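Engineer: mmCIF, C-alpha atoms, file data_11.cif:
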```cif
data_query
loop_
_atom_site.group_PDB
_atom_site.id
_atom_site.type_symbol
_atom_site.label_atom_id
_atom_site.label_comp_id
_atom_site.auth_asym_id
_atom_site.auth_seq_id
_atom_site.Cartn_x
_atom_site.Cartn_y
_atom_site.Cartn_z
ATOM 1 C CA ILE A 841 85.159 122.183 408.781
ATOM 2 C CA ASP A 842 83.362 121.218 405.553
ATOM 3 C CA TRP A 843 80.422 119.799 407.517
ATOM 4 C CA LEU A 844 80.220 122.953 409.624
ATOM 5 C CA THR A 845 80.357 125.396 406.734
ATOM 6 C CA ASN A 846 77.708 123.409 404.858
ATOM 7 C CA GLU A 847 75.392 123.628 407.869
ATOM 8 C CA LEU A 848 76.005 127.349 408.272
ATOM 9 C CA ASP A 849 75.381 128.039 404.598
ATOM 10 C CA GLN A 850 71.777 127.012 405.168
ATOM 11 C CA LEU A 851 71.232 129.743 407.774
ATOM 12 C CA GLY A 852 70.231 133.313 407.028
ATOM 13 C CA SER A 853 72.644 136.213 407.341
ATOM 14 C CA ASP A 854 70.905 137.442 410.529
ATOM 15 C CA SER A 855 71.109 134.076 412.311
ATOM 16 C CA TYR A 856 72.365 133.930 415.883
ATOM 17 C CA VAL A 857 74.152 130.614 416.343
ATOM 18 C CA VAL A 858 75.142 129.031 419.651
ATOM 19 C CA PHE A 859 77.981 126.499 419.329
ATOM 20 C CA ASP A 860 77.747 123.966 422.143
ATOM 21 C CA CYS A 861 81.378 122.898 422.365
ATOM 22 C CA PRO A 862 82.822 119.742 423.972
ATOM 23 C CA GLY A 863 84.161 120.023 427.482
ATOM 24 C CA GLN A 864 87.738 118.870 426.846
ATOM 25 C CA ILE A 865 89.641 121.942 427.986
ATOM 26 C CA GLU A 866 92.759 121.045 425.976
ATOM 27 C CA LEU A 867 90.826 121.812 422.768
ATOM 28 C CA PHE A 868 90.681 125.462 423.819
ATOM 29 C CA SER A 869 93.818 125.978 425.872
ATOM 30 C CA HIS A 870 96.655 124.604 423.728
ATOM 31 C CA VAL A 871 95.425 122.279 420.943
ATOM 32 C CA PRO A 872 94.762 124.370 417.786
ATOM 33 C CA VAL A 873 91.496 122.627 416.798
ATOM 34 C CA MET A 874 89.058 125.257 418.061
ATOM 35 C CA ARG A 875 91.290 128.090 416.940
ATOM 36 C CA SER A 876 91.119 126.663 413.409
ATOM 37 C CA VAL A 877 87.321 126.566 413.653
ATOM 38 C CA VAL A 878 87.293 130.165 414.875
ATOM 39 C CA ARG A 879 89.476 131.326 411.998
ATOM 40 C CA GLU A 880 87.223 129.581 409.462
ATOM 41 C CA LEU A 881 84.118 131.198 410.954
ATOM 42 C CA GLN A 882 85.776 134.599 410.888
ATOM 43 C CA ARG A 883 86.733 134.015 407.266
ATOM 44 C CA VAL A 884 83.043 133.706 406.382
ATOM 45 C CA ASP A 885 82.250 136.900 408.336
ATOM 46 C CA PHE A 886 80.830 135.469 411.553
ATOM 47 C CA MET A 887 81.009 137.791 414.566
ATOM 48 C CA LEU A 888 82.184 135.588 417.441
ATOM 49 C CA ALA A 889 82.463 135.634 421.202
ATOM 50 C CA ALA A 890 83.613 132.875 423.539
ATOM 51 C CA VAL A 891 81.632 132.048 426.684
ATOM 52 C CA TYR A 892 83.624 130.189 429.333
ATOM 53 C CA LEU A 893 81.774 128.518 432.222
ATOM 54 C CA LEU A 894 83.534 127.800 435.505
ATOM 55 C CA ASP A 895 81.630 125.781 438.090
ATOM 56 C CA SER A 896 80.961 128.095 441.055
ATOM 57 C CA GLN A 897 81.686 125.234 443.443
ATOM 58 C CA PHE A 898 85.363 125.743 442.533
ATOM 59 C CA MET A 899 85.200 128.690 444.937
ATOM 60 C CA VAL A 900 85.251 126.247 447.860
ATOM 61 C CA ASP A 901 88.887 125.368 447.148
ATOM 62 C CA PRO A 902 91.361 128.254 446.465
ATOM 63 C CA SER A 903 93.730 126.006 444.520
ATOM 64 C CA LYS A 904 90.932 124.733 442.242
ATOM 65 C CA TYR A 905 89.662 128.265 441.733
ATOM 66 C CA MET A 906 93.112 129.554 440.737
ATOM 67 C CA SER A 907 93.487 126.597 438.394
ATOM 68 C CA GLY A 908 90.143 127.464 436.802
ATOM 69 C CA VAL A 909 91.124 131.125 436.416
ATOM 70 C CA LEU A 910 94.455 130.175 434.837
ATOM 71 C CA THR A 911 92.744 127.815 432.391
ATOM 72 C CA CYS A 912 90.264 130.550 431.554
ATOM 73 C CA LEU A 913 93.151 132.930 430.821
ATOM 74 C CA SER A 914 94.803 130.296 428.641
ATOM 75 C CA CYS A 915 91.616 129.947 426.576
ATOM 76 C CA MET A 916 91.295 133.719 426.226
ATOM 77 C CA THR A 917 94.805 134.106 424.872
ATOM 78 C CA ALA A 918 94.520 131.050 422.603
ATOM 79 C CA LEU A 919 91.200 131.936 420.948
ATOM 80 C CA GLU A 920 91.749 135.718 420.784
ATOM 81 C CA LEU A 921 88.013 136.449 420.902
ATOM 82 C CA PRO A 922 85.776 138.705 423.003
ATOM 83 C CA HIS A 923 85.395 136.572 426.109
ATOM 84 C CA ILE A 924 82.531 136.282 428.606
ATOM 85 C CA ASN A 925 83.542 134.360 431.736
ATOM 86 C CA ILE A 926 80.755 132.924 433.863
ATOM 87 C CA LEU A 927 80.553 131.408 437.323
ATOM 88 C CA SER A 928 77.801 128.877 436.756
ATOM 89 C CA LYS A 929 75.460 126.881 439.030
ATOM 90 C CA LEU A 930 75.101 129.612 441.639
ATOM 91 C CA ASP A 931 71.784 128.034 442.583
ATOM 92 C CA LEU A 932 73.670 125.049 444.032
ATOM 93 C CA LEU A 933 75.625 127.119 446.560
ATOM 94 C CA THR A 934 74.469 126.916 450.161
ATOM 95 C CA SER A 935 75.423 130.574 450.633
ATOM 96 C CA LYS A 936 75.864 133.233 447.961
ATOM 97 C CA ARG A 937 77.557 135.800 450.202
ATOM 98 C CA ALA A 938 81.042 134.942 448.942
ATOM 99 C CA VAL A 939 80.145 135.177 445.242
ATOM 100 C CA GLU A 940 80.982 138.885 444.902
ATOM 101 C CA ARG A 941 84.504 138.221 446.084
ATOM 102 C CA TYR A 942 85.145 135.818 443.226
ATOM 103 C CA LEU A 943 83.663 137.795 440.337
ATOM 104 C CA GLU A 944 86.903 139.816 440.336
ATOM 105 C CA PRO A 945 89.445 137.091 441.187
ATOM 106 C CA PRO A 946 91.168 137.994 444.499
ATOM 107 C CA ILE A 947 94.442 136.458 443.382
ATOM 108 C CA ASP A 948 96.691 138.055 446.032
ATOM 109 C CA GLU A 949 94.390 136.836 448.805
ATOM 110 C CA LEU A 950 94.236 133.342 447.360
ATOM 111 C CA VAL A 951 98.011 133.148 446.971
ATOM 112 C CA ALA A 952 98.390 134.212 450.599
ATOM 113 C CA GLU A 953 95.962 131.500 451.726
ATOM 114 C CA LEU A 954 97.766 128.844 449.718
ATOM 115 C CA THR A 955 101.251 129.803 450.923
ATOM 116 C CA GLU A 956 100.604 130.638 454.586
ATOM 117 C CA ASP A 957 101.584 127.170 455.824
ATOM 118 C CA PRO A 958 105.133 127.556 457.243
ATOM 119 C CA HIS A 959 105.812 123.896 456.444
ATOM 120 C CA ALA A 960 104.794 124.191 452.795
ATOM 121 C CA ASP A 961 107.259 123.029 450.147
ATOM 122 C CA PRO A 962 109.248 126.125 449.026
ATOM 123 C CA LYS A 963 109.020 125.004 445.402
ATOM 124 C CA ARG A 964 105.233 124.839 445.631
ATOM 125 C CA VAL A 965 105.135 128.266 447.259
ATOM 126 C CA ALA A 966 107.293 129.724 444.471
ATOM 127 C CA LEU A 967 105.111 128.101 441.796
ATOM 128 C CA THR A 968 101.918 129.416 443.405
ATOM 129 C CA ASP A 969 103.404 132.915 443.560
ATOM 130 C CA ALA A 970 104.420 132.694 439.898
ATOM 131 C CA ILE A 971 100.939 131.563 438.791
ATOM 132 C CA GLY A 972 99.347 134.378 440.750
ATOM 133 C CA GLN A 973 101.736 136.880 439.180
ATOM 134 C CA VAL A 974 100.892 135.673 435.662
ATOM 135 C CA ILE A 975 97.158 136.093 436.307
ATOM 136 C CA ASN A 976 97.658 139.536 437.824
ATOM 137 C CA ASP A 977 99.959 140.697 435.033
ATOM 138 C CA TYR A 978 97.364 139.940 432.379
ATOM 139 C CA GLY A 979 94.545 141.423 434.464
ATOM 140 C CA MET A 980 91.982 140.123 431.960
ATOM 141 C CA VAL A 981 89.853 137.689 433.959
ATOM 142 C CA ASN A 982 86.601 138.567 435.664
ATOM 143 C CA PHE A 983 83.312 136.728 435.942
ATOM 144 C CA MET A 984 79.585 137.151 435.697
ATOM 145 C CA GLY A 985 77.346 135.050 437.932
ATOM 146 C CA LEU A 986 74.798 132.655 436.435
ATOM 147 C CA ASP A 987 71.842 131.459 438.513
ATOM 148 C CA PRO A 988 69.450 129.516 436.232
ATOM 149 C CA THR A 989 66.632 130.185 438.713
ATOM 150 C CA ASP A 990 67.123 133.958 438.322
ATOM 151 C CA GLU A 991 66.009 135.217 434.914
ATOM 152 C CA SER A 992 67.706 138.580 435.419
ATOM 153 C CA SER A 993 71.162 136.946 435.636
ATOM 154 C CA ILE A 994 70.466 135.133 432.357
ATOM 155 C CA ASP A 995 69.300 138.358 430.693
ATOM 156 C CA ILE A 996 72.394 140.270 431.843
ATOM 157 C CA ILE A 997 74.736 137.604 430.480
ATOM 158 C CA LEU A 998 72.857 137.460 427.183
ATOM 159 C CA GLN A 999 73.100 141.244 426.862
ATOM 160 C CA ALA A 1000 76.858 141.065 427.462
ATOM 161 C CA ILE A 1001 77.238 138.437 424.727
ATOM 162 C CA ASP A 1002 75.068 140.443 422.307
ATOM 163 C CA HIS A 1003 77.206 143.507 423.002
ATOM 164 C CA ALA A 1004 80.454 141.558 422.496
ATOM 165 C CA ILE A 1005 79.414 140.410 419.020
ATOM 166 C CA GLN A 1006 77.552 143.656 418.190
ATOM 167 C CA TYR A 1007 74.552 141.501 417.352
ATOM 168 C CA HIS A 1008 71.880 144.187 417.285
ATOM 169 C CA ASP A 1009 74.089 146.546 415.276
ATOM 170 C CA ASP A 1010 73.970 144.193 412.279
ATOM 171 C CA ILE A 1011 70.252 143.387 412.287
ATOM 172 C CA GLU A 1012 68.371 144.938 409.406
ATOM 173 C CA PRO A 1013 65.211 146.900 410.324
ATOM 174 C CA ARG A 1014 62.101 144.770 409.817
ATOM 175 C CA GLU A 1015 58.545 145.644 408.912
ATOM 176 C CA PRO A 1016 55.896 144.873 411.594
ATOM 177 C CA LYS A 1017 54.533 142.064 409.400
ATOM 178 C CA ASP A 1018 57.853 140.245 409.869
ATOM 179 C CA GLN A 1019 57.456 140.138 413.658
ATOM 180 C CA ASP A 1020 55.949 136.650 413.708
ATOM 181 C CA HIS A 1021 58.810 135.316 411.611
ATOM 182 C CA GLU A 1022 61.352 137.039 413.847
ATOM 183 C CA ASP A 1023 59.915 135.399 416.959
ATOM 184 C CA ARG A 1024 60.259 131.881 415.532
ATOM 185 C CA ASP A 1025 63.371 129.794 415.202
ATOM 186 C CA ASP A 1026 64.211 126.381 413.827
ATOM 187 C CA ASP A 1027 65.107 124.758 417.153
ATOM 188 C CA GLY A 1028 61.664 125.555 418.569
ATOM 189 C CA ASP A 1029 62.697 127.332 421.767
ATOM 190 C CA GLY A 1030 61.452 130.733 420.634
ATOM 191 C CA ASP A 1031 64.661 132.648 421.327
ATOM 192 C CA GLY A 1032 65.581 133.328 417.702
ATOM 193 C CA ARG A 1033 68.911 131.591 418.134
ATOM 194 C CA GLU A 1034 70.133 128.516 416.325
ATOM 195 C CA GLU A 1035 72.104 125.866 418.172
ATOM 196 C CA LEU A 1036 74.725 123.521 416.755
ATOM 197 C CA ASP A 1037 76.052 120.701 418.904
ATOM 198 C CA PHE A 1038 79.625 119.685 418.101
ATOM 199 C CA GLY A 1039 78.915 116.396 419.869
ATOM 200 C CA ASN A 1040 76.597 115.347 417.037
ATOM 201 C CA ILE A 1041 78.836 115.715 414.008
ATOM 202 C CA PRO A 1042 77.895 113.036 411.449
ATOM 203 C CA GLU A 1043 80.233 110.089 411.238
ATOM 204 C CA GLY A 1044 82.795 110.285 408.483
ATOM 205 C CA ASP A 1045 83.172 114.071 408.701
ATOM 206 C CA ASP A 1046 85.992 113.999 411.240
ATOM 207 C CA GLU A 1047 88.770 113.459 408.738
ATOM 208 C CA GLU A 1048 91.404 116.131 408.460
ATOM 209 C CA HIS A 1049 91.143 118.789 405.770
ATOM 210 C CA ASP A 1050 93.894 121.045 404.545
ATOM 211 C CA GLY A 1051 93.469 124.694 405.441
#
```
Could you spell out this file's structure in structure tokens?
Structural biologist:
Amino acid sequence: IDWLTNELDQLGSDSYVVFDCPGQIELFSHVPVMRSVVRELQRVDFMLAAVYLLDSQFMVDPSKYMSGVLTCLSCMTALELPHINILSKLDLLTSKRAVERYLEPPIDELVAELTEDPHADPKRVALTDAIGQVINDYGMVNFMGLDPTDESSIDIILQAIDHAIQYHDDIEPREPKDQDHEDRDDDGDGDGREELDFGNIPEGDDEEHDG
């Protein structure tokens, strides 16, 4: 936390920071590490949103897709942040016709597919029904599609994230002479957004800190 806050202190108040988090799902679903980071960022007045990516190829297998949706729901309830859920890698699908079906998870249909085998283990059927009921009861999970070859899908997702954190509401009006400065950023990609990679934390900063 100390390393992170020191890095953030060097950024301006209008900075837009992207935190590239590690892929271990347990850090977001039930281990309190990321929740502690979120609370610290909120304490220093960061407006936050979580962006959860689910590989679109999970749609091929109903059981994997339901598992992904359940994990997504677990992260949403654990982090308690505005949440943008994304089906990623749409460009790798051989057919995109089925995508619309999965943007709003068809849980009842998937449960029916997974339990239609008359020889299925009754305990597995009951568990599948229970998982489907949990997802339906919360009714919080839906997805946006991300195709990296389609700029419009990227723009739509970025707009949703900006809206979730009210990014443009907090930007101070700038004089035209500041335009050049506004169009530049420190990571050189021209998008005005900073990026911090949690995979590159300096050695020796991973010790535990109280609070």
Engineer: When you look at Val951 (chain A) with a cut-off of 7 Å (counting only C-alpha atoms), what residues show up, excluding the ones that are within fewer than 6 positions of it in the same chain? I need them as an MDAnalysis selection string.
Structural biologist: chainID A and resid 968:969 972
Engineer: Would you kindly translate the PyMOL selection byres ((chain A and resi 981) around 10) into the concrete residues it picks from this file, as number ranges by chain?
Structural biologist: A: 909-910, 912-913, 916, 923-925, 943-945, 975-976, 978-980, 982-983
Engineer: Figure out the distance between CA of Met874 (chain A) and CA of Asp842 (chain A), please, to one decimal in Å.
Structural biologist: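 Taking CA of Asp842 (chain A) as the start and CA of Met874 (chain A) as the end point, the length is 14.3 Å.
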Engineer: My list of candidates is A:Ser992, A:Gln864, A:Ser855, A:Thr845. Which is closest to Thr911 (chain A) when distances are computed with only C-alpha atoms?
Structural biologist: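 Ranked by minimum distance to Thr911 (chain A), first place goes to A:Gln864.
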Engineer: May I ask which of the residues A:Ile926, A:Cys861, A:Leu933, A:Leu950 is the closest one to Lys904 (chain A), counting only C-alpha atoms?
Structural biologist: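 Looking only at the distances to Lys904 (chain A), the closest residue turns out to be A:Leu950.
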Engineer: Can you spell out as a JSON list (two decimals) with C-alpha atoms, keeping the file's coordinate frame the set of residues that the PyMOL selection byres ((chain A and resi 899) around 12) selects in the structure I just provided?
Structural biologist:
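Saved result, result.json, follows:
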```
[["chain", "number", "residue", "atom", "x", "y", "z"],
["A", 894, "LEU", "CA", 83.53, 127.80, 435.50],
["A", 895, "ASP", "CA", 81.63, 125.78, 438.09],
["A", 896, "SER", "CA", 80.96, 128.10, 441.06],
["A", 897, "GLN", "CA", 81.69, 125.23, 443.44],
["A", 898, "PHE", "CA", 85.36, 125.74, 442.53],
["A", 900, "VAL", "CA", 85.25, 126.25, 447.86],
["A", 901, "ASP", "CA", 88.89, 125.37, 447.15],
["A", 902, "PRO", "CA", 91.36, 128.25, 446.46],
["A", 903, "SER", "CA", 93.73, 126.01, 444.52],
["A", 904, "LYS", "CA", 90.93, 124.73, 442.24],
["A", 905, "TYR", "CA", 89.66, 128.26, 441.73],
["A", 906, "MET", "CA", 93.11, 129.55, 440.74],
["A", 907, "SER", "CA", 93.49, 126.60, 438.39],
["A", 908, "GLY", "CA", 90.14, 127.46, 436.80],
["A", 909, "VAL", "CA", 91.12, 131.12, 436.42],
["A", 927, "LEU", "CA", 80.55, 131.41, 437.32],
["A", 928, "SER", "CA", 77.80, 128.88, 436.76],
["A", 929, "LYS", "CA", 75.46, 126.88, 439.03],
["A", 930, "LEU", "CA", 75.10, 129.61, 441.64],
["A", 933, "LEU", "CA", 75.62, 127.12, 446.56],
["A", 935, "SER", "CA", 75.42, 130.57, 450.63],
["A", 936, "LYS", "CA", 75.86, 133.23, 447.96],
["A", 937, "ARG", "CA", 77.56, 135.80, 450.20],
["A", 938, "ALA", "CA", 81.04, 134.94, 448.94],
["A", 939, "VAL", "CA", 80.14, 135.18, 445.24],
["A", 940, "GLU", "CA", 80.98, 138.88, 444.90],
["A", 941, "ARG", "CA", 84.50, 138.22, 446.08],
["A", 942, "TYR", "CA", 85.14, 135.82, 443.23],
["A", 943, "LEU", "CA", 83.66, 137.79, 440.34],
["A", 945, "PRO", "CA", 89.44, 137.09, 441.19],
["A", 946, "PRO", "CA", 91.17, 137.99, 444.50],
["A", 950, "LEU", "CA", 94.24, 133.34, 447.36]]
```
Engineer: Extract, using only C-alpha atoms, all DNA, RNA and protein residues at most 9 Å from Thr989 (chain A), discarding same-chain residues fewer than 3 positions from it, and format them as a PyMOL selection string.
Structural biologist: chain A and resi 930-931+986+993-994
Engineer: Would you please work out which residue, of A:Asp948, A:Gly985, A:Cys915, A:Leu932, is nearest to His870 (chain A) when using all atoms listed in the file?
Structural biologist: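 The answer is A:Cys915, which sits nearest to His870 (chain A).
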Engineer: Between CA of Ile1001 (chain A) and CA of Val884 (chain A), what is the distance, to one decimal in Å?
Structural biologist: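 That distance, rounded to one decimal, is 19.8 Å.
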Engineer: Using all atoms listed in the file, pick whichever of A:Leu844, A:Pro988, A:Leu881, A:Ser869 has the shortest atom-to-atom distance to Thr917 (chain A).
Structural biologist: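 For Thr917 (chain A), the nearest of the candidates is A:Ser869.
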Engineer: State, in Å with one decimal place, the distance from CA of Leu867 (chain A) to CA of Leu919 (chain A).
Structural biologist: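 These atoms are spaced 10.3 Å apart.
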Engineer: Using 3 Å of padding on each side, determine the axis-aligned box around all atoms of region 996-1002 of chain A present in the file and give its centre and edge lengths in Å to one decimal, as AutoDock Vina command-line options.
Structural biologist:
```
--center_x 74.8 --center_y 139.4 --center_z 427.1 --size_x 10.8 --size_y 9.8 --size_z 15.5
```
Engineer: Complete region 945-964 of chain A at the level of N, CA and C atoms, written as an mmCIF file, keeping the file's coordinate frame.
Structural biologist:
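Result file part.cif:
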```
data_model
loop_
_atom_site.group_PDB
_atom_site.id
_atom_site.type_symbol
_atom_site.label_atom_id
_atom_site.label_comp_id
_atom_site.auth_asym_id
_atom_site.auth_seq_id
_atom_site.Cartn_x
_atom_site.Cartn_y
_atom_site.Cartn_z
ATOM 1 N N PRO A 945 88.607 138.062 440.466
ATOM 2 C CA PRO A 945 89.445 137.091 441.187
ATOM 3 C C PRO A 945 90.414 137.744 442.176
ATOM 4 N N PRO A 946 90.286 137.423 443.470
ATOM 5 C CA PRO A 946 91.168 137.994 444.499
ATOM 6 C C PRO A 946 92.481 137.211 444.562
ATOM 7 N N ILE A 947 93.271 137.330 443.531
ATOM 8 C CA ILE A 947 94.442 136.458 443.382
ATOM 9 C C ILE A 947 95.430 136.613 444.541
ATOM 10 N N ASP A 948 95.720 137.855 444.949
ATOM 11 C CA ASP A 948 96.691 138.055 446.032
ATOM 12 C C ASP A 948 96.229 137.371 447.317
ATOM 13 N N GLU A 949 94.926 137.474 447.603
ATOM 14 C CA GLU A 949 94.390 136.836 448.805
ATOM 15 C C GLU A 949 94.489 135.320 448.710
ATOM 16 N N LEU A 950 94.183 134.789 447.531
ATOM 17 C CA LEU A 950 94.236 133.342 447.360
ATOM 18 C C LEU A 950 95.667 132.814 447.454
ATOM 19 N N VAL A 951 96.603 133.549 446.874
ATOM 20 C CA VAL A 951 98.011 133.148 446.971
ATOM 21 C C VAL A 951 98.453 133.137 448.425
ATOM 22 N N ALA A 952 98.031 134.149 449.178
ATOM 23 C CA ALA A 952 98.390 134.212 450.599
ATOM 24 C C ALA A 952 97.822 133.014 451.360
ATOM 25 N N GLU A 953 96.579 132.649 451.055
ATOM 26 C CA GLU A 953 95.962 131.500 451.726
ATOM 27 C C GLU A 953 96.694 130.209 451.397
ATOM 28 N N LEU A 954 97.135 130.082 450.160
ATOM 29 C CA LEU A 954 97.766 128.844 449.718
ATOM 30 C C LEU A 954 99.219 128.726 450.157
ATOM 31 N N THR A 955 99.826 129.831 450.565
ATOM 32 C CA THR A 955 101.251 129.803 450.923
ATOM 33 C C THR A 955 101.496 130.127 452.397
ATOM 34 N N GLU A 956 100.432 130.216 453.196
ATOM 35 C CA GLU A 956 100.604 130.638 454.586
ATOM 36 C C GLU A 956 101.148 129.526 455.480
ATOM 37 N N ASP A 957 101.071 128.289 455.021
ATOM 38 C CA ASP A 957 101.584 127.170 455.824
ATOM 39 C C ASP A 957 103.107 127.256 455.913
ATOM 40 N N PRO A 958 103.664 127.427 457.113
ATOM 41 C CA PRO A 958 105.133 127.556 457.243
ATOM 42 C C PRO A 958 105.874 126.286 456.844
ATOM 43 N N HIS A 959 105.164 125.161 456.795
ATOM 44 C CA HIS A 959 105.812 123.896 456.444
ATOM 45 C C HIS A 959 105.620 123.537 454.974
ATOM 46 N N ALA A 960 105.048 124.463 454.208
ATOM 47 C CA ALA A 960 104.794 124.191 452.795
ATOM 48 C C ALA A 960 106.110 124.047 452.026
ATOM 49 N N ASP A 961 106.088 123.241 451.003
ATOM 50 C CA ASP A 961 107.259 123.029 450.147
ATOM 51 C C ASP A 961 107.613 124.364 449.472
ATOM 52 N N PRO A 962 108.852 124.846 449.630
ATOM 53 C CA PRO A 962 109.248 126.125 449.026
ATOM 54 C C PRO A 962 109.035 126.167 447.516
ATOM 55 N N LYS A 963 109.229 125.025 446.846
ATOM 56 C CA LYS A 963 109.020 125.004 445.402
ATOM 57 C C LYS A 963 107.551 125.231 445.063
ATOM 58 N N ARG A 964 106.668 124.645 445.864
ATOM 59 C CA ARG A 964 105.233 124.839 445.631
ATOM 60 C C ARG A 964 104.845 126.287 445.904
#
```
